[in-house]
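K.L.:
There's a structure below that I have some questions on.
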Amino acid sequence: MSINVSFHAVSEDQPGEKWQAIFNRSWPGYRAWYLRSGAVGRPSYLESRRAIREHMPELVPTWERLVGLAGGGDVEARFLSLWCPPPYIAGCAQAVWIDPAGTQEPVLLRNYDFAPALLEGDWMATRWTDPRNRVLAMGDCLWGALDGVNEAGLSASLSFGGRTVTGAGFGIPLVLRYVLEVAHSTAEAIALLQRVPVHMSYSVTLLDRSADWATVFVAPDRATEVTRHKAVTNFQHAVEWPEHARATHSPQRLAALQQQIDQRAPLQALADALLRAPLYQSSWLRGYGTLYSALYRPLSGQATLLWPGDSWAQSVTTFEEGQRKVVYPAYT
Amino acid sequence: MSNKIKSISDLQLMFHRNERPIYFISATNFNLLGIDRWVNRFRYISYIDCFDGRHPNVFVPSESPHAEFSSIEDINNYLLQHKEVIDLIERRGGKPVATFLMFDEKTEALAEELGMDVWFPPAKLRQRCDNKMETVRIGNKAGVFSVPNALEKVDSYQHLMQIAERNKLGRDLVVQSAFGDSGHTTFFIANEDDFNKHKDEIVNDPEVKIMKRINCRGATLEACATQSGTLVGPLLTEVVGAKELTPYKGGWCGNEVFPGAFSEGVRQKARDMAERFGNQLLQEGYRGYFDLDFLIDQDNGEVYLGELNPRICGASPMTNHAAFAYADAPLFLFHLLEFSGVPFDLNVREINERWAQPHFIDSWSQVVIKYTEDKVDQVTRAPATGIYRLSEDGTMGYQRYDHERRAIDSEREAFFLRITGPGDYRYEGADLGILITRGRSMDDNFKLNIRARDWIRGIKNHYDGKPIVTTQHAVAPAPGSFKIL
């Protein structure tokens with residue numbers, strides 16, 4: 001059998017009908033996920049509002065607009081705050097490429113590895129927080145981001161940090177959204193990540209237009225750690241969840257990625273490696289296949305999605321709506 | 001308003017022109033039914049919609065998934081964090097005021113976060129006054145005495161007997177723990193077997209109230225301690241432990257008010273005691289509405305202090321709708337006045353004297369109908385809130401919708417406030433609803449009279465239930481989980 005997934009490029013400066021359509025399509029699934037433990041332990045609306053007001057005040061007007069478009073309900077508002085959502089994990093690999101020859105602009109590369117059924121597939125161009133800072137990002141959790149680039153010249157991407165610990169904090173897609181909406185540089189993004197609590201461990205790779213870069217380890221139980229890892233998969237320093245690392249080939253993937261970096265490989269070689277095992281994962285049916293690869297060039301504002309034999313390029317200045325159908329040859 | 005409130009008409013005008021949104025937040029609006037008629041901008045925020053959306057001042061947010069409630073405080077804390085409730089409060093603006101039946105320190109913190117003033121003494125102080133040992137001590141200070149008692153820690157039956165002997169309490173005892181719902185934490189101990197049945201509850205408490213057992217009848221009275229003095233409502237009889245109404249032996253299940261319910265001597269004594277107790281509460285820092293239970297010794301007419309409910313309670317609808325309330329103002333209005341910050345100087349003695357006159361008290365009764373069967377099912381049909389009529393053959397039918405008891409025309413009509421509705425679960429001890437009638441519901445021996453039993457049967461006949469499917473067991477409440485009122 002094969003799995004078909006549609007990617008949609010959606011442009012909507014302020015939340016409106018297009019976002020509402022995305023919400024209406026995905027909400028039943030998210031609602032069930034959010035309430036799967038019977039809502040016991042999910043924070044109340046008041047706590048969620050308190051958290052987002054305290055930690056991400058710039059996002060509050062957008063959150064309120066989205067809640068309105070979502071019908072204004074209690075559960076919708078709580079979910080959209082992404083304050084202490086149920087635990088979730090994914091795969092992913094990320095790398096920063098700096099041209100060894102010093103002629104091409106720097107690139108942030110990543111593979112997004114997850115279950116196809118849980119991918120929203122909405123590549124969104126928005127001007128939610130700041131009209132001068134358009135954000136182009138792959139959507140998740142209805143208004144969060146998995147990876148993206150902004151008009152100010154910052155790109156960012158997330159991957160699961162390979163630890164089971166959870167705590168009081170935000171779901172990472174919303175934190176990444178916050179970074180892309182508000183930060184203009186890697187340094188500003190780091191400052192945000194040091195301040196905003198997250199509910200699980202993640203690695204966030206940042207690259208800005210001046211080629212400043214970092215991989216930031218965030219966790220609910222440890223201080224944010226800023227590292228100079230150019231490549232990262234799903235563990236931080238050392239494997240802490242062996243079963244997850246084994247299932248997702250995390251060490252092998254990191255080794256393959258690191259080898260490219262160490263060899264000062266050209267960009268094309270690195271991009272090719274992302275579409276090849278071991279970096280390219282084919283366990284779609286088990287929940288961690290590679291769903292897309294992405295290249296972000298924060299200096300020129302370009303973004304490219306890659307699949308074996310296909311690619312889709314956009315930029316923050318010229319973003320065109322459209323659709324791509326991707327077939328994953330999943331075999332049982 | 002800068003003018004001092006000096007008379008009842010000033011008070012009525014003040015609340016007629018009130019602009020501050022005042023909320024009563026609770027599972028239902030039962031306890032303050034009708035106060036919205038007296039106070040402009042008064043709203044109820046309820047968890048249960050007893051009125052199927054037809055009450056103009058009741059707001060019920062749509063159900064949001066939540067952890068299982070174990071108290072009314074839990075319900076209130078859920079409501080205060082619910083988006084639709086917060087939206088309502090913020091949309092209506094002003095400097096909102098919250099009133100509750102029950103609240104805890106978490107409720108206070110939530111109210112503060114929402115910018116609401118809580119018009120009750122702090123939860124911590126209420127908790128202290130609610131402690132049955134503390135009630136005895138506060139009463140003693142005011143010269144308001146409880147049934148002969150000792151307040152001590154008990155280690156064993158022998159130890160209990162020693163305490164009883166030392167305090168001349170006899171061998172037939174009643175033991176109560178510090179907190180507890182009516183009928184749940186009162187133990188009657190006449191021998192060692194009785195003691196052993198409740199041993200754990202008794203010996204694990206740091207202190208219990210050990211009373212001489214007397215042949216008594218319960219009465220309750222609501223009052224309001226204000227800076228002008230303590231206003232005292234009428235003395236109400238209590239309906240206790242009627243098997244048609246409650247599965248709990250000794251559990252409260254209603255009240256009656258009627259002139260002549262108690263001898264003039266008893267009434268006067270209870271009123272004096274309440275006034276003195278209220279004044280002592282002011283000394284303790286507590287002010288506003290409170291309810292005192294009295295125990296009247298049937299053998300010698302002695303009146304003793306029973307318990308204190310430092311709050312509004314299940315008897316409040318009786319007090320706030322007695323004739324004096326319509327002649328002057330409901331007692332709860334004085335509570336709101338006390339907390340309003342508006343200066344006042346009322347002649348409380350004159351008001352109390354007026355309210356004590358028999359023609360300021362008319363005859364009403366209310367009974368709380370619980371599900372008394374020891375099983376759980378799901379309600380498929382339930383009587384709507386409104387006015388019901390009893391026909392000559394004893395059958396009962398729905399007459400018309402109303403949300404106020406004063407619409408009742410005669411003793412053949414009654415107001416039913418539905419609590420358990422279609423889709424809800426019926427379990428032993430679940431509150432089905434409250435029935436309010438003109439006239440009495442008990443006979444002279446304080447047993448339910450025939451008319452009351454007709455009414456109760458009539459209401460129950462309007463309920464149908466179906467067995468619950470196994471998969472829903474998880475959400476069905478455990479029998480006796482908690483009481484609503």
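All residue names refer to the structure tokens as shown: chains lettered A, B, ... in order, residues numbered from 1 in each chain, ligands numbered from 1 in order.
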Give as a tab-separated table (two decimals) with N, CA and C atoms, in the first residue's frame every residue of chain B that touches chain A within 7 Å, counting only C-alpha atoms.
P.N.:
chain	number	residue	atom	x	y	z
B	64	SER	N	-17.43	21.58	29.81
B	64	SER	CA	-16.07	21.40	29.33
B	64	SER	C	-15.49	20.22	30.12
B	65	PRO	N	-14.71	19.36	29.48
B	65	PRO	CA	-14.19	18.21	30.22
B	65	PRO	C	-13.43	18.66	31.47
B	66	HIS	N	-13.62	17.95	32.54
B	66	HIS	CA	-12.99	18.36	33.81
B	66	HIS	C	-12.75	17.14	34.66
B	67	ALA	N	-11.89	17.29	35.64
B	67	ALA	CA	-11.68	16.23	36.61
B	67	ALA	C	-12.96	16.05	37.42
B	81	GLN	N	-12.75	29.14	36.06
B	81	GLN	CA	-11.66	29.00	35.09
B	81	GLN	C	-12.18	28.71	33.69
B	82	HIS	N	-13.51	28.65	33.58
B	82	HIS	CA	-14.13	28.31	32.30
B	82	HIS	C	-14.18	29.54	31.41
B	83	LYS	N	-13.80	29.36	30.16
B	83	LYS	CA	-13.70	30.51	29.26
B	83	LYS	C	-15.02	31.26	29.13
B	84	GLU	N	-16.12	30.54	29.02
B	84	GLU	CA	-17.39	31.24	28.81
B	84	GLU	C	-17.78	32.07	30.03
K.L.:
Going by DSSP on the backbone, which residues of region 222-254 of chain A come out as strand (DSSP E)? List them as a PyMOL selection string.
P.N.:
chain A and resi 225-227+231-232
K.L.:
Just the residues within 8 Å of region 108-115 of chain B, please, counting only C-alpha atoms, with nothing from its chain fewer than 4 positions along; format it as an mmCIF file with N, CA and C atoms, in the first residue's frame.
P.N.:
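Result file out_22.cif:
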data_model
loop_
_atom_site.group_PDB
_atom_site.id
_atom_site.type_symbol
_atom_site.label_atom_id
_atom_site.label_comp_id
_atom_site.auth_asym_id
_atom_site.auth_seq_id
_atom_site.Cartn_x
_atom_site.Cartn_y
_atom_site.Cartn_z
ATOM 1 N N ASN B 77 -14.543 26.338 41.398
ATOM 2 C CA ASN B 77 -13.209 26.574 40.845
ATOM 3 C C ASN B 77 -13.174 26.226 39.356
ATOM 4 N N LEU B 80 -14.977 29.206 37.585
ATOM 5 C CA LEU B 80 -14.189 30.443 37.518
ATOM 6 C C LEU B 80 -13.018 30.341 36.551
ATOM 7 N N GLN B 81 -12.748 29.142 36.056
ATOM 8 C CA GLN B 81 -11.658 28.998 35.094
ATOM 9 C C GLN B 81 -12.184 28.708 33.693
ATOM 10 N N ILE B 86 -15.533 33.400 32.180
ATOM 11 C CA ILE B 86 -14.601 34.533 32.201
ATOM 12 C C ILE B 86 -15.014 35.561 31.155
ATOM 13 N N LYS B 95 -16.824 46.479 38.285
ATOM 14 C CA LYS B 95 -15.941 45.905 39.308
ATOM 15 C C LYS B 95 -16.724 44.769 39.927
ATOM 16 N N PRO B 96 -16.570 43.556 39.351
ATOM 17 C CA PRO B 96 -17.503 42.485 39.710
ATOM 18 C C PRO B 96 -17.337 41.965 41.141
ATOM 19 N N ALA B 98 -18.235 38.590 43.653
ATOM 20 C CA ALA B 98 -18.581 37.170 43.659
ATOM 21 C C ALA B 98 -19.168 36.792 45.009
ATOM 22 N N PHE B 103 -16.674 28.106 49.155
ATOM 23 C CA PHE B 103 -15.459 28.458 48.432
ATOM 24 C C PHE B 103 -14.254 28.169 49.299
ATOM 25 N N ASP B 104 -13.123 28.033 48.662
ATOM 26 C CA ASP B 104 -11.895 27.785 49.408
ATOM 27 C C ASP B 104 -10.844 28.816 48.983
ATOM 28 N N ALA B 123 -12.054 32.585 53.384
ATOM 29 C CA ALA B 123 -12.290 31.139 53.507
ATOM 30 C C ALA B 123 -11.654 30.583 54.784
#
K.L.:
So that I can check the secondary structure, give me every residue of region 91-240 of chain B assigned alpha helix (DSSP H) by backbone DSSP, as JSON, numbers by chain.
P.N.:
{"B": [91, 92, 105, 106, 107, 108, 109, 110, 111, 112, 113, 123, 124, 125, 126, 127, 128, 129, 130, 132, 133, 134, 135, 136, 137, 138, 139, 140, 141, 142, 157, 158, 159, 160, 161, 162, 163, 164, 165, 166, 192, 193, 194, 195, 196, 197, 199, 200, 201, 202, 203]}
K.L.:
Can you list, as a list of chain:residue names, every protein, DNA or RNA residue that comes within 6 Å of region 91-103 of chain A when you count only C-alpha atoms, leaving out same-chain residues fewer than 4 positions away?
P.N.:
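What passes the distance filter is A:Val107, A:Leu108, A:Leu109, A:Arg110, A:Asn111, A:Tyr112, A:Asp113, A:Ser159, A:Lys230, A:Ala231, A:Val232, A:Thr233.
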K.L.:
With a cut-off of 10 Å, could you pull out the residues of region 357-380 of chain B touching region 252-273 of chain B and give me the nearest pair of atoms for each, distance in Å to one decimal, using only C-alpha atoms, ordered by chain and ascending number, as a tab-separated table?
P.N.:
residue	atom	partner	partner_atom	distance
B:Gln357	CA	B:Pro259	CA	8.8
B:Pro358	CA	B:Pro259	CA	5.4
B:His359	CA	B:Pro259	CA	7.6
B:Phe360	CA	B:Pro259	CA	8.6
B:Ile361	CA	B:Pro259	CA	5.9
B:Asp362	CA	B:Phe258	CA	5.6
B:Ser363	CA	B:Phe258	CA	4.2
B:Trp364	CA	B:Val257	CA	5.4
B:Ser365	CA	B:Glu256	CA	4.1
B:Gln366	CA	B:Gly254	CA	5.3
B:Val367	CA	B:Gly254	CA	4.2
B:Val368	CA	B:Cys253	CA	5.1
B:Ile369	CA	B:Cys253	CA	7.3
B:Lys370	CA	B:Cys253	CA	8.4
K.L.:
Report as a list in words all protein, DNA and RNA residues lying within 7 Å of region 280-291 of chain A, evaluated on only C-alpha atoms, omitting residues in the same chain fewer than 2 positions from it.
P.N.:
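The contact residues come out as Ala90, Gly91, Asn111, Tyr112, Asp113, Phe114, Ala115, Pro116, Leu274, Leu275, Arg276, Ala277, Pro278 and Ala330 of chain A.
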K.L.:
Please compute the CA of Gly314 (chain B)-CA of Glu413 (chain B) distance, one decimal, in Å.
P.N.:
21.5 Å
K.L.:
At a cut-off of 12 Å, using only C-alpha atoms, what residues contact Ile172 (chain A)? Leave out same-chain residues fewer than 3 positions from it and give the result as JSON, numbers by chain.
P.N.:
{"A": [81, 82, 83, 84, 85, 86, 87, 88, 89, 90, 139, 140, 141, 143, 144, 145, 146, 147, 156, 157, 158, 159, 160, 161, 166, 168, 169, 175, 176, 177, 178, 179, 193, 196, 197, 198, 199, 200, 201, 202, 203, 204, 217, 218, 219, 220]}
K.L.:
Could you please determine the separation between CA of Arg276 (chain B) and CA of Ala223 (chain B) in Å, to one decimal place?
P.N.:
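Here the two named atoms are 10.8 Å from each other.
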K.L.:
Can you pull out the residues contacting Leu417 (chain B)? Cut-off 6 Å, using only C-alpha atoms, and skip same-chain residues under 3 positions away; I want them as a ChimeraX atom specification.
P.N.:
/B:385,433-434
K.L.:
Choose the residue, out of A:Leu142, A:Pro57, A:Glu321, A:Gly148, that has the smallest atom-to-atom separation from Ser26 (chain A); count only C-alpha atoms.
P.N.:
A:Leu142
